[in-house]
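Asker: What follows is input-v8.csv, made up of CSV, C-alpha atoms and all ligand atoms:
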chain,number,residue,atom,x,y,z
K,1,MET,CA,143.5,-162.6,191.5
K,2,LYS,CA,143.7,-163.1,187.8
K,3,ARG,CA,144.9,-166.4,186.6
K,4,ARG,CA,146.8,-167.1,183.4
K,5,LEU,CA,145.2,-166.6,180.0
K,6,PHE,CA,145.7,-169.0,177.3
K,7,LEU,CA,145.1,-168.3,173.6
K,8,ALA,CA,144.9,-170.6,170.7
K,9,ALA,CA,144.6,-170.0,167.0
K,10,GLY,CA,144.3,-172.0,163.7
K,11,GLY,CA,142.2,-174.8,165.1
K,12,ALA,CA,144.9,-175.8,167.7
K,13,LEU,CA,145.0,-175.2,171.4
K,14,ALA,CA,148.1,-174.0,173.0
K,15,GLY,CA,149.0,-173.4,176.6
K,16,ALA,CA,149.6,-175.3,179.8
K,17,GLY,CA,147.7,-178.4,180.5
K,18,ILE,CA,145.8,-178.3,177.3
K,19,LEU,CA,144.9,-181.2,175.2
K,20,ARG,CA,144.5,-180.6,171.5
K,21,ALA,CA,142.1,-182.5,169.2
K,22,SER,CA,144.0,-184.2,166.3
K,23,GLY,CA,142.2,-186.5,164.0
K,24,TRP,CA,140.0,-188.8,166.1
K,25,ALA,CA,142.5,-188.8,168.9
K,26,ALA,CA,143.6,-186.1,171.3
K,27,GLU,CA,147.1,-185.0,171.7
K,28,ARG,CA,148.5,-183.8,175.0
K,29,LEU,CA,150.6,-180.7,174.8
K,30,GLY,CA,152.0,-181.0,178.3
K,31,GLY,CA,152.1,-178.5,181.2
K,32,ASP,CA,150.5,-178.5,184.6
K,33,PRO,CA,146.9,-179.9,184.4
K,34,LEU,CA,145.9,-178.2,187.6
K,35,ALA,CA,146.9,-174.7,186.6
K,36,ASP,CA,144.5,-174.4,183.7
K,37,PHE,CA,141.7,-175.8,181.8
K,38,ALA,CA,142.3,-179.2,180.2
K,39,LEU,CA,140.2,-179.9,177.1
K,40,THR,CA,140.0,-183.0,174.9
K,41,GLY,CA,137.7,-183.7,172.0
K,42,GLN,CA,136.8,-182.4,168.6
K,43,LEU,CA,137.2,-178.7,168.5
K,44,THR,CA,135.2,-178.1,165.3
K,45,GLN,CA,131.7,-177.4,164.1
K,46,GLY,CA,129.4,-180.2,165.2
K,47,GLY,CA,132.1,-181.4,167.7
K,48,TRP,CA,132.5,-181.5,171.4
K,49,ALA,CA,135.0,-181.2,174.2
K,50,ARG,CA,135.2,-182.7,177.7
K,51,GLY,CA,137.2,-180.7,180.1
K,52,LYS,CA,138.4,-180.1,183.6
K,53,ALA,CA,138.2,-176.7,185.2
K,54,PRO,CA,141.1,-175.4,187.1
K,55,LEU,CA,141.4,-176.5,190.7
K,56,GLY,CA,139.2,-174.3,193.0
K,57,ALA,CA,136.8,-173.3,190.3
K,58,SER,CA,133.2,-172.9,191.5
K,59,ARG,CA,131.5,-171.6,188.4
K,60,LEU,CA,132.1,-172.0,184.7
K,61,ALA,CA,130.7,-170.3,181.6
K,62,PHE,CA,131.2,-171.2,177.9
K,63,ASN,CA,130.7,-168.3,175.5
K,64,GLY,CA,128.9,-166.4,178.2
K,65,ARG,CA,126.5,-169.1,179.3
K,66,ALA,CA,126.7,-171.1,182.5
K,67,VAL,CA,128.0,-174.7,182.2
K,68,ARG,CA,127.5,-177.3,184.9
K,69,LEU,CA,130.6,-178.6,186.7
K,70,ALA,CA,130.6,-182.2,188.0
K,71,PRO,CA,131.9,-182.6,191.5
K,72,ASP,CA,135.3,-183.7,190.1
K,73,LEU,CA,135.4,-180.3,188.1
K,74,THR,CA,134.9,-182.1,184.7
K,75,PHE,CA,132.4,-180.6,182.2
K,76,LEU,CA,131.1,-181.0,178.7
K,77,ILE,CA,130.7,-178.4,176.0
K,78,ALA,CA,129.8,-178.8,172.3
K,79,PHE,CA,129.7,-176.8,169.1
K,80,ASP,CA,126.7,-176.4,166.8
K,81,ARG,CA,126.9,-177.3,163.1
K,82,ASP,CA,126.9,-173.5,162.5
K,83,SER,CA,129.1,-172.5,165.5
K,84,GLY,CA,131.2,-169.4,165.2
K,85,PRO,CA,135.1,-169.7,165.2
K,86,ARG,CA,135.8,-168.9,168.8
K,87,GLY,CA,135.2,-170.6,172.1
K,88,GLU,CA,135.8,-168.9,175.5
K,89,LEU,CA,135.7,-170.6,178.9
K,90,LEU,CA,135.5,-168.5,182.0
K,91,ALA,CA,136.0,-170.1,185.4
K,92,GLU,CA,135.3,-168.2,188.6
K,93,PHE,CA,136.9,-169.2,191.9
K,94,ALA,CA,135.1,-169.5,195.2
K,95,GLY,CA,137.7,-167.2,196.8
K,96,GLY,CA,137.4,-164.6,194.1
K,97,GLY,CA,139.2,-164.2,190.8
K,98,SER,CA,138.8,-165.9,187.5
K,99,SER,CA,140.5,-167.8,184.8
K,100,ARG,CA,139.8,-167.4,181.1
K,101,GLY,CA,140.7,-169.6,178.2
K,102,GLN,CA,140.1,-169.2,174.5
K,103,PHE,CA,140.3,-171.7,171.7
K,104,ALA,CA,139.4,-171.9,168.0
K,105,ILE,CA,136.5,-173.9,166.7
K,106,SER,CA,137.5,-174.9,163.2
K,107,PRO,CA,134.9,-174.6,160.4
K,108,ARG,CA,133.8,-177.7,158.4
K,109,ARG,CA,133.0,-178.1,154.7
K,110,TRP,CA,129.5,-179.5,154.5
K,111,GLN,CA,128.1,-181.7,151.8
K,112,ILE,CA,126.1,-179.1,149.8
K,113,GLU,CA,124.0,-180.0,146.8
K,114,HIS,CA,122.7,-177.3,144.5
K,115,ILE,CA,119.3,-178.1,142.9
K,116,PRO,CA,118.4,-175.8,140.0
K,117,LEU,CA,114.7,-176.0,140.9
K,118,GLY,CA,112.5,-174.7,143.7
K,119,PRO,CA,111.7,-177.0,146.6
K,120,ARG,CA,109.2,-179.7,145.8
K,121,PRO,CA,105.8,-178.4,146.9
K,122,GLY,CA,104.8,-180.0,150.2
K,123,THR,CA,101.2,-181.0,151.1
K,124,PRO,CA,99.2,-177.9,151.8
K,125,PRO,CA,99.0,-177.3,155.6
K,126,ASN,CA,96.0,-178.7,157.2
K,127,ALA,CA,94.5,-177.9,160.5
K,128,GLU,CA,94.3,-181.5,161.8
K,129,TYR,CA,98.0,-182.1,160.9
K,130,ALA,CA,99.0,-178.8,162.5
K,131,ARG,CA,97.2,-179.8,165.7
K,132,ARG,CA,98.8,-183.2,165.8
K,133,ARG,CA,102.2,-181.8,165.1
K,134,GLU,CA,101.9,-179.3,167.9
K,135,GLY,CA,101.3,-182.1,170.3
K,136,GLU,CA,104.2,-184.1,169.0
K,137,LEU,CA,106.6,-181.2,169.3
K,138,ALA,CA,105.5,-180.5,172.8
K,139,ARG,CA,106.3,-184.1,173.7
K,140,ILE,CA,109.7,-183.9,172.1
K,141,ASN,CA,110.5,-180.6,173.8
K,142,ALA,CA,109.4,-182.0,177.2
K,143,ALA,CA,111.7,-185.0,176.7
K,144,ARG,CA,114.6,-182.7,175.8
K,145,ALA,CA,113.9,-180.6,178.9
K,146,GLN,CA,114.5,-183.6,181.2
K,147,ASP,CA,117.8,-183.4,183.0
K,148,HIS,CA,118.9,-186.7,184.5
K,149,ALA,CA,122.1,-187.4,186.4
K,150,ALA,CA,123.3,-189.8,183.7
K,151,GLU,CA,127.0,-190.3,183.2
K,152,GLY,CA,127.1,-191.3,179.5
K,153,TRP,CA,128.6,-187.9,178.6
K,154,ARG,CA,131.8,-189.0,180.1
K,155,GLN,CA,132.1,-192.1,177.9
K,156,LYS,CA,133.6,-192.9,174.5
K,157,PHE,CA,130.5,-193.4,172.3
K,158,ILE,CA,130.1,-196.5,170.2
K,159,TYR,CA,128.1,-197.0,167.0
K,160,PRO,CA,124.5,-198.0,167.8
K,161,VAL,CA,124.6,-200.3,164.7
K,162,TYR,CA,127.0,-201.1,161.9
K,163,GLY,CA,125.9,-200.5,158.4
K,164,ARG,CA,126.2,-198.2,155.4
K,165,ILE,CA,126.2,-194.5,156.3
K,166,SER,CA,123.4,-193.4,153.9
K,167,GLY,CA,123.1,-189.8,155.1
K,168,ARG,CA,125.7,-187.6,156.6
K,169,PHE,CA,125.2,-185.0,159.3
K,170,GLY,CA,125.1,-181.4,158.0
K,171,ALA,CA,124.3,-182.3,154.4
K,172,GLN,CA,122.1,-179.7,152.8
K,173,ARG,CA,120.3,-179.0,149.5
K,174,ILE,CA,120.0,-175.5,148.1
K,175,TYR,CA,117.0,-175.1,145.9
K,176,ASN,CA,117.5,-172.4,143.3
K,177,GLY,CA,119.5,-170.4,145.8
K,178,THR,CA,117.2,-171.1,148.8
K,179,PRO,CA,118.8,-173.4,151.4
K,180,GLY,CA,116.7,-176.2,152.7
K,181,SER,CA,117.2,-177.4,156.3
K,182,TYR,CA,120.3,-179.5,156.7
K,183,HIS,CA,120.4,-183.2,157.7
K,184,SER,CA,120.3,-183.2,161.5
K,185,GLY,CA,121.8,-186.6,162.1
K,186,MET,CA,123.6,-189.6,160.7
K,187,ASP,CA,121.6,-192.2,158.8
K,188,ILE,CA,122.7,-195.8,159.0
K,189,ALA,CA,121.2,-198.5,156.7
K,190,THR,CA,121.6,-202.2,157.1
K,191,GLY,CA,119.4,-203.0,154.1
K,192,THR,CA,116.6,-204.4,156.2
K,193,SER,CA,114.1,-203.5,158.9
K,194,GLY,CA,114.3,-205.1,162.3
K,195,THR,CA,118.1,-204.9,162.8
K,196,PRO,CA,118.7,-204.4,166.5
K,197,PHE,CA,120.6,-201.3,167.7
K,198,VAL,CA,122.2,-200.5,171.0
K,199,ALA,CA,122.7,-197.5,173.2
K,200,PRO,CA,125.9,-195.6,172.1
K,201,ALA,CA,126.5,-194.6,175.8
K,202,ASP,CA,124.9,-194.8,179.2
K,203,GLY,CA,121.7,-192.8,179.8
K,204,ILE,CA,118.1,-192.6,180.8
K,205,VAL,CA,115.2,-193.1,178.3
K,206,ALA,CA,113.6,-189.7,178.0
K,207,LEU,CA,111.0,-190.7,175.3
K,208,ALA,CA,109.9,-194.0,173.8
K,209,GLY,CA,106.9,-193.2,171.6
K,210,GLU,CA,104.6,-196.1,171.4
K,211,ASN,CA,102.8,-194.5,168.4
K,212,ALA,CA,104.7,-193.2,165.4
K,213,PHE,CA,105.3,-189.4,165.2
K,214,SER,CA,104.4,-187.8,161.8
K,215,LEU,CA,108.0,-187.3,160.7
K,216,GLU,CA,110.2,-189.1,163.2
K,217,GLY,CA,108.1,-192.3,163.2
K,218,ARG,CA,108.7,-194.4,166.4
K,219,LEU,CA,111.1,-192.2,168.2
K,220,LEU,CA,113.5,-193.1,171.1
K,221,MET,CA,115.3,-190.4,173.0
K,222,ILE,CA,118.1,-191.0,175.5
K,223,ASP,CA,119.5,-188.4,178.0
K,224,HIS,CA,123.2,-189.0,178.4
K,225,GLY,CA,123.5,-186.3,181.1
K,226,MET,CA,124.9,-182.7,181.2
K,227,GLY,CA,122.6,-181.6,178.4
K,228,LEU,CA,123.7,-184.3,175.9
K,229,GLY,CA,121.0,-186.4,174.3
K,230,SER,CA,120.6,-188.9,171.5
K,231,ALA,CA,117.5,-189.4,169.3
K,232,PHE,CA,116.8,-192.5,167.2
K,233,LEU,CA,114.2,-192.1,164.5
K,234,HIS,CA,112.1,-194.4,162.3
K,235,CYS,CA,112.3,-197.4,164.6
K,236,SER,CA,110.2,-200.5,164.0
K,237,SER,CA,110.1,-201.3,167.7
K,238,HIS,CA,111.6,-200.3,171.1
K,239,ALA,CA,113.1,-202.6,173.7
K,240,VAL,CA,113.0,-200.1,176.5
K,241,LYS,CA,110.5,-197.7,178.1
K,242,GLU,CA,110.6,-194.2,179.4
K,243,GLY,CA,112.5,-193.8,182.6
K,244,ASP,CA,114.6,-196.9,182.0
K,245,ILE,CA,118.3,-196.7,182.8
K,246,VAL,CA,120.3,-198.0,179.8
K,247,ARG,CA,123.9,-199.0,179.6
K,248,LYS,CA,126.3,-198.5,176.7
K,249,GLY,CA,125.9,-201.5,174.3
K,250,GLN,CA,122.5,-202.5,175.6
K,251,PHE,CA,119.9,-203.5,173.0
K,252,ILE,CA,117.3,-200.7,172.9
K,253,GLY,CA,115.4,-201.0,169.7
K,254,ARG,CA,115.1,-202.2,166.1
K,255,ILE,CA,115.6,-200.2,162.9
K,256,GLY,CA,112.5,-199.5,160.7
K,257,ALA,CA,111.0,-197.1,158.2
K,258,THR,CA,108.3,-195.5,160.3
K,259,GLY,CA,107.5,-191.8,159.9
K,260,ARG,CA,108.9,-189.9,156.9
K,261,ALA,CA,111.5,-192.4,155.6
K,262,THR,CA,112.1,-193.7,152.1
K,263,GLY,CA,113.5,-197.0,153.3
K,264,PRO,CA,114.6,-198.7,156.5
K,265,HIS,CA,117.4,-196.9,158.3
K,266,LEU,CA,118.4,-195.6,161.7
K,267,HIS,CA,118.6,-191.8,161.9
K,268,TRP,CA,120.7,-191.0,164.9
K,269,SER,CA,121.0,-187.4,166.1
K,270,LEU,CA,122.9,-185.9,169.0
K,271,LYS,CA,122.3,-182.6,170.7
K,272,TRP,CA,123.9,-180.7,173.4
K,273,ARG,CA,121.4,-178.1,174.7
K,274,GLU,CA,120.2,-176.5,171.4
K,275,SER,CA,123.4,-177.3,169.5
K,276,ARG,CA,123.1,-180.0,166.8
K,277,LEU,CA,126.2,-182.2,166.8
K,278,ASP,CA,127.8,-184.7,164.3
K,279,PRO,CA,127.6,-188.3,165.7
K,280,LEU,CA,130.6,-189.1,163.5
K,281,LEU,CA,132.8,-186.9,165.8
K,282,PHE,CA,131.7,-189.0,168.8
K,283,VAL,CA,132.4,-192.5,167.2
K,284,GLY,CA,135.0,-192.0,164.5
K,285,ALA,CA,134.8,-193.7,161.1
K,286,MET,CA,132.5,-196.6,160.6
K,287,PRO,CA,134.5,-199.8,161.0
K,288,GLY,CA,135.2,-201.4,157.6
K,289,ALA,CA,134.1,-198.3,155.7
A,301,ZN,ZN,118.2,-188.9,158.6
So, in terms of structure tokens, how does the structure I just supplied come out?
Ligand SMILES: [Zn+2]

Answerer:
Amino acid sequence: MKRRLFLAAGGALAGAGILRASGWAAERLGGDPLADFALTGQLTQGGWARGKAPLGASRLAFNGRAVRLAPDLTFLIAFDRDSGPRGELLAEFAGGGSSRGQFAISPRRWQIEHIPLGPRPGTPPNAEYARRREGELARINAARAQDHAAEGWRQKFIYPVYGRISGRFGAQRIYNGTPGSYHSGMDIATGTSGTPFVAPADGIVALAGENAFSLEGRLLMIDHGMGLGSAFLHCSSHAVKEGDIVRKGQFIGRIGATGRATGPHLHWSLKWRESRLDPLLFVGAMPGA
């Protein structure tokens, strides 16, 4: 049995039971939601989509890789900052057969700054730092590898703190033609250290570093479930510990300038598996901005 194929082009989704991302909201295109995939979200680089697989689906893959289905057949997928332009979902049915859906992932225009000089020379590598960094990265990777049954991925995210967005996700400097690494999160500054921030969605604390990491400073990581995780960098303190269950809106820490930071701010990054995502696409524009 081969179920219907839907195709989409030009950044929009078309087909039965499909929801299309439009601005910060999603627009329903109509049709039978049980006959096909339903998707809602931000179908663009750095964005995400929550969906529901067709009734009877037992396995799902996104661009050739297995994606977990919740018991109610809902799922989460997300699109890296440098994602290609096409997404494909393939659902397989317990009784045989499959259903395939394709959609466009629209490109973004990132904030790029050309610097007519080479990168500023960093400190020469030193063995002690290299050893310390190796341990830090191992801890971060172990936290990322955790896979809790948290349900935050289903929720509408909220800002962890209100303030000035002092750094945008994806922004990149190009030094004399050589691209530097892009900014992996959103920076929010309140002008002071110690401002409390809250969990943007439900989750489990995967890492709460009591000592400052070299670059990240005091780092807090939250697993929102289904491979989606938040990291909060440069904190001055944490209000939760590893393994704690946190609820959306719960006070979890205070802004600081620990690690490599030029001033107090909260760096909030979001990842789905290895894909780096734009927090702005989860929360919308900063209120009052
Ligand atoms: Zn940052």

Asker: Residues up to 6 Å from ligand ZN 301 (chain A), counting only C-alpha atoms and all ligand atoms: could you list those as a list in words?

Answerer: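 Every residue with an atom at most 6 Å from ligand ZN 301 (chain A) is listed here: Gly185, Met186, Asp187 and His267 of chain K.
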
Asker: So that I have them on file, write out the residues from the current selection with C-alpha atoms, as a compact mmCIF listing (two decimals), in the coordinates of the input.

Answerer:
# COMPACT_ATOMS: atom_id res chain seq x y z
CA GLY K 185 121.80 -186.60 162.10
CA MET K 186 123.60 -189.60 160.70
CA ASP K 187 121.60 -192.20 158.80
CA HIS K 267 118.60 -191.80 161.90

Asker: Can you list, as a PyMOL selection string, every protein, DNA or RNA residue that comes within 12 Å of K:Arg254 when you count all atoms listed in the file, leaving out same-chain residues fewer than 2 positions away?

Answerer: chain K and resi 160-161+189-190+192-199+218-220+232-240+251-252+256-258+264-267

Asker: How many Å lie between atom CA of K:Ala149 and atom CA of K:Leu207, rounded to one decimal?

Answerer: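 Atom-to-atom, atom CA of K:Ala149 to atom CA of K:Leu207, that is 16.0 Å.
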
Asker: In file coordinates, which residues lie within 9 Å of (122.7, -181.9, 172.4) using only C-alpha atoms, given as an NGL selection string?

Answerer: :K and (78 or 80 or 144 or 227-230 or 269-277)

Asker: Residues within 7 Å of stretch 132-138 of chain K, please, as JSON, numbers by chain. Count all atoms listed in the file; anything in the same chain fewer than 4 positions from it doesn't count.

Answerer: {"K": [128, 142, 213]}

Asker: List as a PyMOL selection string the protein and nucleic acid residues near K:Arg109, meaning an atom at most 10 Å away when all atoms listed in the file are counted, but skip any in the same chain fewer than 6 places from it.

Answerer: chain K and resi 45+170-171

Asker: From the list K:Arg86, K:Arg173, K:His224, K:Lys248, which residue is nearest K:Gly203 when using all atoms listed in the file?

Answerer: K:His224

Asker: Identify which of the residues K:Gly152, K:Gly209, K:Gly56, K:Pro287 lies closest to K:Pro71, counting all atoms listed in the file when measuring atom-to-atom distances.

Answerer: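 Checking each of K:Gly152, K:Gly209, K:Gly56, K:Pro287 against K:Pro71, counting all atoms listed in the file, the winner is K:Gly56.
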
Asker: Pick out the closest residue to K:Phe93 from this set: K:Ser58, K:Asn126, K:Ser166, K:Asn63. Count all atoms listed in the file.

Answerer: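 Going through K:Ser58, K:Asn126, K:Ser166, K:Asn63 one by one, the smallest distance to K:Phe93 is for K:Ser58.
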